[in-house]
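In what follows, a single structure is set out as structure tokens and then discussed.
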Amino acid sequence: MVPKLESERLICRKLSLEHCSEEYVSWLNNPQVNRYLETTGNQTLETLRSYLSSVEANPSILFWAIHLKHNNAHIGNIKIDPINTKHGLGEYGILMGDTREWGKGYAKEASHLVLGYCFNSVKLRKITLGVVDEHVAATTLYKSLGFKVEGTYERHWFYEGSYLNVIRMAFFNPNII
């Protein structure tokens with residue numbers, strides 16, 4: 001179950017087929033947005049609809065659409081997937097698709113909501129992520145949230161014609177030793 005989460009400026013609710021839109025497709029096809037994503041370009045309403053259907057069909061994915069509270073605009077997504085309940089682990093991912101809303105602190109605000117929920121309600125012990133080391137905005141965000149570098153995979157992911165290093169980061173639940 002993916003609960004609705006609210007902050008001062010945001011509402012995060014379950015990502016679903018209702019979020020399938022030309023605007024969402026445009027985010028996925030925007031080189032500025034998808035630069036460091038695994039899925040880059042060539043997306044259509046059909047491919048997005050198929051993806052969203054698979055997300056809806058998998059109850060083990062915690063996946064939220066990020067909406068602005070004042071106008072309900074869908075500006076991005078945030079997820080924890082996969083989740084390993086045996087070890088208390090989850091993998092974090094975020095997409096801020098609406099470039100007009102970049103730099104306003106929404107990614108950090110949504111992340112606080114989701115991390116708090118995962119630590120306090122799901123009782124995850126540790127949340128991890130991978131980020132290309134040259135993605136400075138993302139690494140700065142993650143460090144400000146409390147993620148710590150655990151290691152680096154050398155020349156690991158292929159982007160824009162070359163292999164780049166990937167930093168593995170983790171945030172431990174402060175309530176669980």
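Starting from 1 in every chain, residues are counted up; chains themselves are A, B, ... following the order of the structure tokens, and ligands are numbered from 1 as listed.
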
- [ ] Do a neighbour search on A:Gly116 at 12 Å with only C-alpha atoms, toss out local chain neighbours closer than 6 positions, and write the hits as a list in words.
- [x]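 Selected residues are Leu5, Glu6, Ser7, Lys108, Glu109, Ala110, Val122, Lys123, Leu124, Arg125, Lys126, Ile127, Leu145, Gly146, Phe171, Phe172, Asn173, Pro174 and Asn175 of chain A.
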
Open item on the list: I'd like the neighbourhood of A:Ser21 as a list in words, where a residue qualifies if any of its atoms comes within 12 Å (using only C-alpha atoms), though same-chain residues fewer than 2 positions away should be ignored.
Closed with: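 The residues that qualify are Ser16, Leu17, Glu18, His19, Glu23, Tyr24, Val25, Ser26, Trp27, Leu28, Gln43, Thr44, Leu45, Glu46, Thr47, Leu48, Arg49, Leu52, Ala73, His74 and Ile75 of chain A.
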
Task: Pick from A:Val132, A:Ile78, A:Leu68, A:Ala107, whichever lies nearest to A:Tyr163 using only C-alpha atoms - done: A:Val132

Task: Residue nearest A:Ile80 - candidates A:Gly161, A:Gly103, A:Pro59, A:Gly97, atoms counted: only C-alpha atoms - done: A:Pro59

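The space between atom CA of A:Gly90 and atom CA of A:Thr128 spans 6.3 Å.
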
Open item on the list: So that I can see what lies close to A:His67, please list as a list of chain:residue names the residues with an atom at most 9 Å from it, counting only C-alpha atoms and leaving out residues fewer than 4 positions away in the same chain.
Closed with: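 After dropping sequence-adjacent residues, the list is A:Arg9, A:Leu10, A:Ile11, A:Cys12, A:Arg13, A:Asn71, A:Asn72, A:Ala73, A:His74, A:Ile75, A:Gly76, A:Asn77.
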
Task: Contacts of A:Phe158 at 12 Å (only C-alpha atoms; same-chain gap of 2+ positions) as JSON, numbers by chain - done: {"A": [35, 36, 37, 38, 40, 132, 154, 155, 156, 160, 161, 162, 163, 164, 165, 166]}

TODO: Using DSSP on the backbone coordinates, identify the residues of chain A assigned to helix (DSSP H, G or I); present them as a ChimeraX atom specification.
DONE: /A:17-19,22-29,31-34,45-56,99-101,106-120,136-145

Would you mind exporting the chosen residues as a PDB file, in the first residue's frame, restricted to C-alpha atoms?
```pdb
ATOM      1  CA  LEU A  17      -2.200   5.149 -14.942  1.00  0.00           C
ATOM      2  CA  GLU A  18      -3.919   8.456 -14.192  1.00  0.00           C
ATOM      3  CA  HIS A  19      -0.462  10.039 -14.486  1.00  0.00           C
ATOM      4  CA  GLU A  22       1.993  13.822 -22.949  1.00  0.00           C
ATOM      5  CA  GLU A  23       3.752  16.019 -20.399  1.00  0.00           C
ATOM      6  CA  TYR A  24       5.151  12.970 -18.551  1.00  0.00           C
ATOM      7  CA  VAL A  25       6.301  11.501 -21.890  1.00  0.00           C
ATOM      8  CA  SER A  26       7.994  14.828 -22.688  1.00  0.00           C
ATOM      9  CA  TRP A  27       9.990  14.584 -19.447  1.00  0.00           C
ATOM     10  CA  LEU A  28      11.264  11.140 -20.422  1.00  0.00           C
ATOM     11  CA  ASN A  29      12.251  12.413 -23.869  1.00  0.00           C
ATOM     12  CA  PRO A  31      17.716  15.184 -22.693  1.00  0.00           C
ATOM     13  CA  GLN A  32      18.039  17.646 -19.813  1.00  0.00           C
ATOM     14  CA  VAL A  33      15.769  15.460 -17.635  1.00  0.00           C
ATOM     15  CA  ASN A  34      16.850  11.994 -18.774  1.00  0.00           C
ATOM     16  CA  LEU A  45       2.184   7.304 -24.460  1.00  0.00           C
ATOM     17  CA  GLU A  46       1.995   3.566 -25.163  1.00  0.00           C
ATOM     18  CA  THR A  47       5.364   2.759 -23.568  1.00  0.00           C
ATOM     19  CA  LEU A  48       4.518   4.961 -20.580  1.00  0.00           C
ATOM     20  CA  ARG A  49       1.090   3.346 -20.221  1.00  0.00           C
ATOM     21  CA  SER A  50       2.706  -0.102 -20.267  1.00  0.00           C
ATOM     22  CA  TYR A  51       5.243   0.950 -17.628  1.00  0.00           C
ATOM     23  CA  LEU A  52       2.592   2.495 -15.377  1.00  0.00           C
ATOM     24  CA  SER A  53       0.461  -0.649 -15.715  1.00  0.00           C
ATOM     25  CA  SER A  54       3.396  -2.757 -14.521  1.00  0.00           C
ATOM     26  CA  VAL A  55       3.924  -0.398 -11.568  1.00  0.00           C
ATOM     27  CA  GLU A  56       0.239  -0.624 -10.613  1.00  0.00           C
ATOM     28  CA  THR A  99      12.231  21.601 -15.296  1.00  0.00           C
ATOM     29  CA  ARG A 100      10.290  24.791 -14.457  1.00  0.00           C
ATOM     30  CA  GLU A 101      10.163  23.538 -10.863  1.00  0.00           C
ATOM     31  CA  TYR A 106      10.768  20.118  -4.017  1.00  0.00           C
ATOM     32  CA  ALA A 107      13.060  17.099  -4.433  1.00  0.00           C
ATOM     33  CA  LYS A 108      14.356  17.516  -0.898  1.00  0.00           C
ATOM     34  CA  GLU A 109      10.855  18.057   0.506  1.00  0.00           C
ATOM     35  CA  ALA A 110       9.467  14.948  -1.227  1.00  0.00           C
ATOM     36  CA  SER A 111      12.505  12.937  -0.167  1.00  0.00           C
ATOM     37  CA  HIS A 112      11.996  13.851   3.492  1.00  0.00           C
ATOM     38  CA  LEU A 113       8.397  12.631   3.258  1.00  0.00           C
ATOM     39  CA  VAL A 114       9.325   9.312   1.651  1.00  0.00           C
ATOM     40  CA  LEU A 115      12.398   8.616   3.778  1.00  0.00           C
ATOM     41  CA  GLY A 116      10.433   9.388   6.941  1.00  0.00           C
ATOM     42  CA  TYR A 117       7.640   7.048   5.874  1.00  0.00           C
ATOM     43  CA  CYS A 118      10.078   4.254   4.968  1.00  0.00           C
ATOM     44  CA  PHE A 119      11.996   4.547   8.239  1.00  0.00           C
ATOM     45  CA  ASN A 120       9.038   5.100  10.582  1.00  0.00           C
ATOM     46  CA  VAL A 136      26.600  17.265  -8.834  1.00  0.00           C
ATOM     47  CA  ALA A 137      23.042  18.486  -8.156  1.00  0.00           C
ATOM     48  CA  ALA A 138      21.934  14.960  -7.223  1.00  0.00           C
ATOM     49  CA  THR A 139      24.945  14.138  -5.050  1.00  0.00           C
ATOM     50  CA  THR A 140      24.540  17.470  -3.246  1.00  0.00           C
ATOM     51  CA  LEU A 141      20.858  16.697  -2.585  1.00  0.00           C
ATOM     52  CA  TYR A 142      21.597  13.191  -1.331  1.00  0.00           C
ATOM     53  CA  LYS A 143      24.319  14.361   1.041  1.00  0.00           C
ATOM     54  CA  SER A 144      22.008  17.084   2.395  1.00  0.00           C
ATOM     55  CA  LEU A 145      19.396  14.392   3.123  1.00  0.00           C
TER      56      LEU A 145
END
```

- [ ] Grab the atom CA of A:Lys104 to atom CA of A:Ile61 distance for me, in Å with one decimal place.
- [x] 26.9 Å

TODO: Quick one: pick out all strand (DSSP E) residues within stretch 1-173 of chain A from a backbone DSSP run and write them as a VMD selection string.
DONE: chain A and resid 5 to 6 10 to 14 62 to 68 74 to 84 89 to 96 126 to 132 148 to 159 162 to 172

Task: Separation of atom CA of A:Leu89 from atom CA of A:Cys20 in Å - done: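 For atom CA of A:Cys20 relative to atom CA of A:Leu89, the distance reads 29.0 Å.
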
TODO: Can you pull out every residue within 9 Å of A:Asp81, counting only C-alpha atoms, but drop anything in the same chain fewer than 6 positions away, and send it as a VMD selection string?
DONE: chain A and resid 60 to 63 90 to 93
